[in-house]
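Novice: Sending over a structure as structure tokens; questions will come in a sec.
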Amino acid sequence: MHLRELYEELLRAYGPQHWWPAETPFEVVVGAILTQNTAWRNVEKAISNLKREGLLDPDSILRASPDVLRELIRPVGFYNQKLQRLLDVCRLIKRYGGLENLFSLPMEELRRTLLSVKGIGPETADAIILYAANKPTFVVDRYTYRLFTRLGLWQGPYKYEALKRFVESQIPPNVEVYKEFHALIDEHSKRVCRKKPHCHACFLRERCPTAQH
Ligand code: SF4
């Protein structure tokens, strides 16, 4: 199966996902940092706490007391590490004179700059670049790896950069397509291609080499 075909079939099955659920690009940045190793509902709680306190912009976050911030983001777990990352990214944004200036960097330079922040890995950096800066980088995650492996599209271990290059070599750069494809892979993986797959309910089962009948 070609990746483009998989994308189109997932889109037909689930419809557009309209990710990322956020009101502003900065909210996407915050969400991308806080969502590491936690469920999205916890991120929603933390973001709504920050919003309620008027702390959803880099300047306010940098002025706020770390103790207060820690309490507000507590629902996401690992809150000390995540607070440090959030503060470092806010400092980076400030150093560039705002998010728009930072995002005006060429994509590869933006990626390198984000990756230079301690604790910001490729998945977080790419989520920020794709969903907040609207530049065409593909976001890979463990769901991508699991689904591609089960469908026989990927062999070998999880390698972020190689998987990303694989998708980008088959699907030409397109912000909207990359946004949807990543979201659709996650949707399919949460609904049916779970850790223990629900193959009986999967529309791909006839073409999936690892389908359990
Ligand atoms: S048939 Fe099963 S293993 Fe294959 S994609 Fe569907 S849920 Fe995943």
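Each chain in the structure tokens gets a letter, A, B and so on, in the order shown; residues start at 1 in every chain, and ligands are counted from 1 in the order they appear.
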Counting only C-alpha atoms and all ligand atoms, what residues are within 8 Å of ligand 1, given as a CSV table (one decimal) with N, CA, C and O atoms, in the first residue's frame?

Specialist:
chain,number,residue,atom,x,y,z
A,147,LEU,N,1.6,1.5,13.5
A,147,LEU,CA,0.7,1.3,12.3
A,147,LEU,C,1.5,0.9,11.1
A,147,LEU,O,1.1,-0.1,10.4
A,150,ARG,N,2.8,-2.7,11.4
A,150,ARG,CA,1.7,-3.7,11.2
A,150,ARG,C,1.2,-3.8,9.8
A,150,ARG,O,0.9,-4.9,9.3
A,151,LEU,N,1.2,-2.7,9.1
A,151,LEU,CA,0.8,-2.7,7.7
A,151,LEU,C,1.9,-3.1,6.7
A,151,LEU,O,1.6,-3.2,5.5
A,189,SER,N,-5.1,4.8,15.3
A,189,SER,CA,-4.4,4.0,16.4
A,189,SER,C,-5.1,4.0,17.7
A,189,SER,O,-5.0,3.1,18.5
A,192,VAL,N,-8.8,1.8,16.7
A,192,VAL,CA,-8.8,0.4,16.4
A,192,VAL,C,-7.4,-0.3,16.4
A,192,VAL,O,-7.2,-1.3,17.0
A,193,CYS,N,-6.4,0.4,15.9
A,193,CYS,CA,-5.0,-0.2,15.8
A,193,CYS,C,-4.3,0.1,17.1
A,193,CYS,O,-3.3,0.7,17.2
A,194,ARG,N,-5.0,-0.3,18.2
A,194,ARG,CA,-4.4,-0.1,19.6
A,194,ARG,C,-3.3,-1.0,19.9
A,194,ARG,O,-3.0,-1.9,19.1
A,197,PRO,N,-4.7,-4.8,19.0
A,197,PRO,CA,-5.5,-4.2,17.9
A,197,PRO,C,-6.9,-4.8,17.8
A,197,PRO,O,-7.1,-6.0,18.1
A,198,HIS,N,-7.9,-4.0,17.4
A,198,HIS,CA,-9.3,-4.5,17.2
A,198,HIS,C,-9.5,-4.7,15.7
A,198,HIS,O,-10.2,-3.9,15.0
A,199,CYS,N,-8.8,-5.7,15.1
A,199,CYS,CA,-8.8,-5.9,13.7
A,199,CYS,C,-10.1,-6.2,13.1
A,199,CYS,O,-10.4,-5.8,12.0
A,200,HIS,N,-11.0,-6.8,13.9
A,200,HIS,CA,-12.4,-7.1,13.4
A,200,HIS,C,-13.1,-5.8,13.0
A,200,HIS,O,-14.0,-5.9,12.2
A,201,ALA,N,-12.7,-4.7,13.6
A,201,ALA,CA,-13.4,-3.5,13.4
A,201,ALA,C,-12.6,-2.5,12.4
A,201,ALA,O,-13.0,-1.4,12.2
A,202,CYS,N,-11.6,-3.1,11.8
A,202,CYS,CA,-10.7,-2.2,11.1
A,202,CYS,C,-10.9,-2.3,9.6
A,202,CYS,O,-11.0,-3.4,9.0
A,203,PHE,N,-11.1,-1.2,8.9
A,203,PHE,CA,-11.4,-1.2,7.5
A,203,PHE,C,-10.2,-1.6,6.6
A,203,PHE,O,-10.3,-1.8,5.4
A,204,LEU,N,-9.1,-1.7,7.2
A,204,LEU,CA,-7.8,-2.1,6.5
A,204,LEU,C,-7.5,-3.6,6.6
A,204,LEU,O,-6.5,-4.0,6.1
A,205,ARG,N,-8.4,-4.3,7.3
A,205,ARG,CA,-8.0,-5.7,7.7
A,205,ARG,C,-7.7,-6.6,6.5
A,205,ARG,O,-6.8,-7.5,6.6
A,206,GLU,N,-8.4,-6.4,5.4
A,206,GLU,CA,-8.2,-7.3,4.2
A,206,GLU,C,-6.8,-7.1,3.6
A,206,GLU,O,-6.3,-8.0,2.9
A,207,ARG,N,-6.2,-5.9,3.8
A,207,ARG,CA,-4.9,-5.6,3.2
A,207,ARG,C,-3.8,-5.6,4.2
A,207,ARG,O,-2.7,-5.2,3.9
A,208,CYS,N,-4.1,-5.9,5.4
A,208,CYS,CA,-3.1,-5.8,6.5
A,208,CYS,C,-2.4,-7.1,6.7
A,208,CYS,O,-3.1,-8.1,7.1
A,209,PRO,N,-1.1,-7.2,6.5
A,209,PRO,CA,-0.5,-8.5,6.6
A,209,PRO,C,-0.5,-9.1,8.1
A,209,PRO,O,-0.3,-10.3,8.3
A,210,THR,N,-0.7,-8.2,9.1
A,210,THR,CA,-0.7,-8.7,10.4
A,210,THR,C,-2.1,-8.8,11.1
A,210,THR,O,-2.2,-8.9,12.3
A,211,ALA,N,-3.1,-8.6,10.3
A,211,ALA,CA,-4.5,-8.6,10.8
A,211,ALA,C,-4.8,-9.9,11.5
A,211,ALA,O,-4.4,-11.0,11.1
A,212,GLN,N,-5.4,-9.7,12.7
A,212,GLN,CA,-5.8,-10.9,13.4
A,212,GLN,C,-7.3,-11.2,13.1
A,212,GLN,O,-8.1,-10.4,13.4

Novice: Running DSSP on the backbone, which parts of stretch 3-208 of chain A land in helix (DSSP H, G or I), as a count of residues only?

Specialist: 137

Novice: Stretch 4-15 of chain A: which residues within 7 Å, counting only C-alpha atoms, same-chain residues fewer than 6 positions away excluded, as a ChimeraX atom specification?

Specialist: /A:171,181,184

Novice: Hey, could you make a per-residue contact list for stretch 70-126 of chain A against stretch 46-55 of chain A with 10 Å as the cut-off, showing the nearest pair of atoms and its distance in Å to one decimal, counting only C-alpha atoms, sorted by chain and number, as a Markdown table?

Specialist:
| residue | atom | partner | partner_atom | distance |
| --- | --- | --- | --- | --- |
| A:Arg70 | CA | A:Ala46 | CA | 9.8 |
| A:Glu71 | CA | A:Ala46 | CA | 9.0 |
| A:Leu72 | CA | A:Asn49 | CA | 5.5 |
| A:Ile73 | CA | A:Ala46 | CA | 4.6 |
| A:Arg74 | CA | A:Ala46 | CA | 7.0 |
| A:Pro75 | CA | A:Ala46 | CA | 6.0 |
| A:Val76 | CA | A:Ala46 | CA | 6.8 |

Novice: Generate a file of the selected residues that holds C-alpha atoms, formatted as a PDB file, in the first residue's frame.

Specialist:
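And here is the file that came out, out.pdb:
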ATOM      1  CA  ARG A  70       4.062  24.538  38.664  1.00  0.00           C
ATOM      2  CA  GLU A  71       0.665  24.309  40.383  1.00  0.00           C
ATOM      3  CA  LEU A  72      -1.184  25.284  37.198  1.00  0.00           C
ATOM      4  CA  ILE A  73       0.538  22.680  35.021  1.00  0.00           C
ATOM      5  CA  ARG A  74       0.539  19.958  37.682  1.00  0.00           C
ATOM      6  CA  PRO A  75      -2.120  17.844  35.814  1.00  0.00           C
ATOM      7  CA  VAL A  76       0.386  16.963  33.056  1.00  0.00           C
TER       8      VAL A  76
END

Novice: Pick from A:Lys195, A:Lys159, A:Lys94, A:Lys164: nearest to A:Val139, with only C-alpha atoms counted?

Specialist: A:Lys164

Novice: If we count only C-alpha atoms and set the cut-off at 7 Å, which residues sit around stretch 27-29 of chain A, ignoring sequence neighbours fewer than 5 positions away in its own chain? Please answer as an MDAnalysis selection string.

Specialist: chainID A and resid 20 22 56 128 131:132

Novice: Could you please take those selected residues and save all heavy atoms as a PDB file, in the first residue's frame?

Specialist:
ATOM      1  N   TRP A  20      -4.360  21.527  15.079  1.00  0.00           N
ATOM      2  CA  TRP A  20      -4.208  21.188  16.496  1.00  0.00           C
ATOM      3  C   TRP A  20      -5.276  21.941  17.252  1.00  0.00           C
ATOM      4  O   TRP A  20      -5.489  23.115  16.987  1.00  0.00           O
ATOM      5  CB  TRP A  20      -2.814  21.662  16.894  1.00  0.00           C
ATOM      6  CG  TRP A  20      -2.316  21.350  18.255  1.00  0.00           C
ATOM      7  CD1 TRP A  20      -2.697  21.909  19.425  1.00  0.00           C
ATOM      8  CD2 TRP A  20      -1.271  20.450  18.562  1.00  0.00           C
ATOM      9  NE1 TRP A  20      -1.944  21.396  20.450  1.00  0.00           N
ATOM     10  CE2 TRP A  20      -1.063  20.504  19.958  1.00  0.00           C
ATOM     11  CE3 TRP A  20      -0.488  19.583  17.807  1.00  0.00           C
ATOM     12  CZ2 TRP A  20      -0.086  19.733  20.599  1.00  0.00           C
ATOM     13  CZ3 TRP A  20       0.462  18.830  18.457  1.00  0.00           C
ATOM     14  CH2 TRP A  20       0.653  18.896  19.847  1.00  0.00           C
ATOM     15  N   ALA A  22      -6.286  24.421  19.299  1.00  0.00           N
ATOM     16  CA  ALA A  22      -5.718  25.545  20.061  1.00  0.00           C
ATOM     17  C   ALA A  22      -6.204  26.848  19.449  1.00  0.00           C
ATOM     18  O   ALA A  22      -6.526  26.908  18.265  1.00  0.00           O
ATOM     19  CB  ALA A  22      -4.196  25.488  20.013  1.00  0.00           C
ATOM     20  N   LEU A  56      -1.102  32.823  29.277  1.00  0.00           N
ATOM     21  CA  LEU A  56      -0.855  32.062  28.063  1.00  0.00           C
ATOM     22  C   LEU A  56      -0.144  32.905  27.001  1.00  0.00           C
ATOM     23  O   LEU A  56      -0.522  32.915  25.834  1.00  0.00           O
ATOM     24  CB  LEU A  56      -2.169  31.447  27.536  1.00  0.00           C
ATOM     25  CG  LEU A  56      -2.020  30.112  26.812  1.00  0.00           C
ATOM     26  CD1 LEU A  56      -1.147  29.123  27.556  1.00  0.00           C
ATOM     27  CD2 LEU A  56      -3.371  29.484  26.532  1.00  0.00           C
ATOM     28  N   ILE A 128       5.542  21.648  16.731  1.00  0.00           N
ATOM     29  CA  ILE A 128       5.515  23.115  16.789  1.00  0.00           C
ATOM     30  C   ILE A 128       5.651  23.695  15.371  1.00  0.00           C
ATOM     31  O   ILE A 128       4.921  24.603  14.974  1.00  0.00           O
ATOM     32  CB  ILE A 128       6.646  23.638  17.711  1.00  0.00           C
ATOM     33  CG1 ILE A 128       6.346  23.257  19.164  1.00  0.00           C
ATOM     34  CG2 ILE A 128       6.813  25.150  17.574  1.00  0.00           C
ATOM     35  CD1 ILE A 128       7.468  23.555  20.152  1.00  0.00           C
ATOM     36  N   TYR A 131       2.259  22.556  13.295  1.00  0.00           N
ATOM     37  CA  TYR A 131       0.938  23.030  13.745  1.00  0.00           C
ATOM     38  C   TYR A 131       0.927  24.480  14.241  1.00  0.00           C
ATOM     39  O   TYR A 131      -0.139  25.089  14.277  1.00  0.00           O
ATOM     40  CB  TYR A 131       0.391  22.104  14.828  1.00  0.00           C
ATOM     41  CG  TYR A 131       0.024  20.730  14.305  1.00  0.00           C
ATOM     42  CD1 TYR A 131       0.845  19.624  14.510  1.00  0.00           C
ATOM     43  CD2 TYR A 131      -1.155  20.533  13.578  1.00  0.00           C
ATOM     44  CE1 TYR A 131       0.519  18.370  14.016  1.00  0.00           C
ATOM     45  CE2 TYR A 131      -1.498  19.279  13.086  1.00  0.00           C
ATOM     46  CZ  TYR A 131      -0.661  18.203  13.311  1.00  0.00           C
ATOM     47  OH  TYR A 131      -0.991  16.960  12.816  1.00  0.00           O
ATOM     48  N   ALA A 132       2.089  25.008  14.619  1.00  0.00           N
ATOM     49  CA  ALA A 132       2.092  26.412  15.070  1.00  0.00           C
ATOM     50  C   ALA A 132       2.708  27.325  14.020  1.00  0.00           C
ATOM     51  O   ALA A 132       2.191  28.402  13.753  1.00  0.00           O
ATOM     52  CB  ALA A 132       2.852  26.539  16.392  1.00  0.00           C
TER      53      ALA A 132
END

Novice: Using only C-alpha atoms, can you tell me which of A:Pro21, A:Leu102, A:Tyr96, A:Thr137 comes closest to A:Ser169?

Specialist: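 Checking each candidate against A:Ser169, we get A:Thr137 as the closest.
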
Novice: Excluding A:Pro66 and residues on its chain fewer than 2 positions from it, collect all residues at most 12 Å away from it, counting only C-alpha atoms, and give them as a PDB file with N, CA, C and O atoms, in the first residue's frame.

Specialist:
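Wrote it out as selection39.pdb, contents follow:
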ATOM      1  N   LEU A  55      -2.152  33.576  31.766  1.00  0.00           N
ATOM      2  CA  LEU A  55      -0.724  33.242  31.627  1.00  0.00           C
ATOM      3  C   LEU A  55      -0.438  32.436  30.365  1.00  0.00           C
ATOM      4  O   LEU A  55       0.354  31.497  30.393  1.00  0.00           O
ATOM      5  N   SER A  60       4.048  36.877  30.074  1.00  0.00           N
ATOM      6  CA  SER A  60       3.372  36.614  31.359  1.00  0.00           C
ATOM      7  C   SER A  60       3.959  35.382  32.032  1.00  0.00           C
ATOM      8  O   SER A  60       4.131  35.356  33.256  1.00  0.00           O
ATOM      9  N   ILE A  61       4.274  34.370  31.237  1.00  0.00           N
ATOM     10  CA  ILE A  61       4.843  33.156  31.832  1.00  0.00           C
ATOM     11  C   ILE A  61       6.203  33.471  32.462  1.00  0.00           C
ATOM     12  O   ILE A  61       6.499  33.052  33.582  1.00  0.00           O
ATOM     13  N   LEU A  62       7.007  34.265  31.758  1.00  0.00           N
ATOM     14  CA  LEU A  62       8.343  34.579  32.297  1.00  0.00           C
ATOM     15  C   LEU A  62       8.274  35.463  33.536  1.00  0.00           C
ATOM     16  O   LEU A  62       9.171  35.435  34.375  1.00  0.00           O
ATOM     17  N   ARG A  63       7.191  36.239  33.651  1.00  0.00           N
ATOM     18  CA  ARG A  63       7.047  37.109  34.834  1.00  0.00           C
ATOM     19  C   ARG A  63       6.435  36.381  36.029  1.00  0.00           C
ATOM     20  O   ARG A  63       6.589  36.803  37.161  1.00  0.00           O
ATOM     21  N   ALA A  64       5.732  35.291  35.748  1.00  0.00           N
ATOM     22  CA  ALA A  64       4.980  34.604  36.819  1.00  0.00           C
ATOM     23  C   ALA A  64       5.915  33.859  37.771  1.00  0.00           C
ATOM     24  O   ALA A  64       7.065  33.549  37.425  1.00  0.00           O
ATOM     25  N   VAL A  68       3.692  29.168  41.193  1.00  0.00           N
ATOM     26  CA  VAL A  68       2.326  29.280  40.670  1.00  0.00           C
ATOM     27  C   VAL A  68       2.205  28.481  39.373  1.00  0.00           C
ATOM     28  O   VAL A  68       1.260  27.702  39.183  1.00  0.00           O
ATOM     29  N   LEU A  69       3.177  28.641  38.489  1.00  0.00           N
ATOM     30  CA  LEU A  69       3.139  27.916  37.201  1.00  0.00           C
ATOM     31  C   LEU A  69       3.129  26.400  37.423  1.00  0.00           C
ATOM     32  O   LEU A  69       2.382  25.666  36.791  1.00  0.00           O
ATOM     33  N   ARG A  70       3.962  25.967  38.366  1.00  0.00           N
ATOM     34  CA  ARG A  70       4.062  24.538  38.664  1.00  0.00           C
ATOM     35  C   ARG A  70       2.691  23.980  39.089  1.00  0.00           C
ATOM     36  O   ARG A  70       2.274  22.920  38.654  1.00  0.00           O
ATOM     37  N   GLU A  71       2.001  24.732  39.925  1.00  0.00           N
ATOM     38  CA  GLU A  71       0.665  24.309  40.383  1.00  0.00           C
ATOM     39  C   GLU A  71      -0.310  24.222  39.209  1.00  0.00           C
ATOM     40  O   GLU A  71      -1.097  23.290  39.094  1.00  0.00           O
ATOM     41  N   LEU A  72      -0.229  25.224  38.310  1.00  0.00           N
ATOM     42  CA  LEU A  72      -1.184  25.284  37.198  1.00  0.00           C
ATOM     43  C   LEU A  72      -0.972  24.155  36.194  1.00  0.00           C
ATOM     44  O   LEU A  72      -1.927  23.655  35.600  1.00  0.00           O
ATOM     45  N   ILE A  73       0.295  23.744  36.013  1.00  0.00           N
ATOM     46  CA  ILE A  73       0.538  22.680  35.021  1.00  0.00           C
ATOM     47  C   ILE A  73       0.648  21.294  35.668  1.00  0.00           C
ATOM     48  O   ILE A  73       0.924  20.311  34.992  1.00  0.00           O
ATOM     49  N   ARG A  74       0.414  21.231  36.960  1.00  0.00           N
ATOM     50  CA  ARG A  74       0.539  19.958  37.682  1.00  0.00           C
ATOM     51  C   ARG A  74      -0.196  18.783  37.004  1.00  0.00           C
ATOM     52  O   ARG A  74       0.322  17.660  36.983  1.00  0.00           O
ATOM     53  N   TYR A  79       6.013  17.792  35.970  1.00  0.00           N
ATOM     54  CA  TYR A  79       5.810  19.240  35.811  1.00  0.00           C
ATOM     55  C   TYR A  79       7.064  20.079  36.050  1.00  0.00           C
ATOM     56  O   TYR A  79       7.178  21.173  35.515  1.00  0.00           O
ATOM     57  N   ASN A  80       8.031  19.562  36.819  1.00  0.00           N
ATOM     58  CA  ASN A  80       9.268  20.337  36.986  1.00  0.00           C
ATOM     59  C   ASN A  80      10.042  20.436  35.673  1.00  0.00           C
ATOM     60  O   ASN A  80      10.430  21.513  35.245  1.00  0.00           O
ATOM     61  N   GLN A  81      10.208  19.268  35.025  1.00  0.00           N
ATOM     62  CA  GLN A  81      10.912  19.236  33.731  1.00  0.00           C
ATOM     63  C   GLN A  81      10.159  20.053  32.687  1.00  0.00           C
ATOM     64  O   GLN A  81      10.747  20.820  31.921  1.00  0.00           O
ATOM     65  N   LYS A  82       8.853  19.853  32.664  1.00  0.00           N
ATOM     66  CA  LYS A  82       8.065  20.529  31.626  1.00  0.00           C
ATOM     67  C   LYS A  82       8.048  22.039  31.848  1.00  0.00           C
ATOM     68  O   LYS A  82       8.062  22.808  30.892  1.00  0.00           O
ATOM     69  N   LEU A  83       8.038  22.455  33.095  1.00  0.00           N
ATOM     70  CA  LEU A  83       8.084  23.897  33.381  1.00  0.00           C
ATOM     71  C   LEU A  83       9.408  24.474  32.886  1.00  0.00           C
ATOM     72  O   LEU A  83       9.435  25.537  32.267  1.00  0.00           O
ATOM     73  N   GLN A  84      10.499  23.741  33.145  1.00  0.00           N
ATOM     74  CA  GLN A  84      11.815  24.209  32.683  1.00  0.00           C
ATOM     75  C   GLN A  84      11.833  24.373  31.167  1.00  0.00           C
ATOM     76  O   GLN A  84      12.298  25.378  30.635  1.00  0.00           O
ATOM     77  N   LEU A  86       9.262  24.798  29.190  1.00  0.00           N
ATOM     78  CA  LEU A  86       8.354  25.895  28.822  1.00  0.00           C
ATOM     79  C   LEU A  86       9.058  27.242  29.015  1.00  0.00           C
ATOM     80  O   LEU A  86       9.009  28.110  28.133  1.00  0.00           O
ATOM     81  N   LEU A  87       9.741  27.380  30.137  1.00  0.00           N
ATOM     82  CA  LEU A  87      10.449  28.635  30.404  1.00  0.00           C
ATOM     83  C   LEU A  87      11.576  28.852  29.385  1.00  0.00           C
ATOM     84  O   LEU A  87      11.767  29.958  28.884  1.00  0.00           O
TER      85      LEU A  87
END

Novice: If we count only C-alpha atoms and set the cut-off at 8 Å, which residues sit around stretch 110-112 of chain A, ignoring sequence neighbours fewer than 5 positions away in its own chain? Please answer as an MDAnalysis selection string.

Specialist: chainID A and resid 102:103 105 125:126 129

Novice: From the options A:Asn174, A:Ala127, A:Glu180, A:Phe148, which residue's atoms come nearest to A:His2, counting only C-alpha atoms?

Specialist: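 For A:His2, the nearest of the given residues is A:Phe148.
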
Novice: Counting only C-alpha atoms, figure out which residue out of A:Lys135, A:Arg142, A:Arg85, A:Arg95 gets nearest to A:Met107.

Specialist: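 Looking at the shortest contact to A:Met107, the residue is A:Lys135.
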
Novice: Let me make sure I understand: among A:Leu163, A:Met1, A:Val140, A:Leu153, which one has the smallest atom-to-atom distance to A:Ala183 if we use only C-alpha atoms?

Specialist: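 Nearest to A:Ala183: A:Val140.
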
Novice: Closest to A:Ala32 among A:Asn101, A:Leu92, A:Pro122, A:Leu3, using only C-alpha atoms?

Specialist: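 The closest residue to A:Ala32 is A:Pro122.
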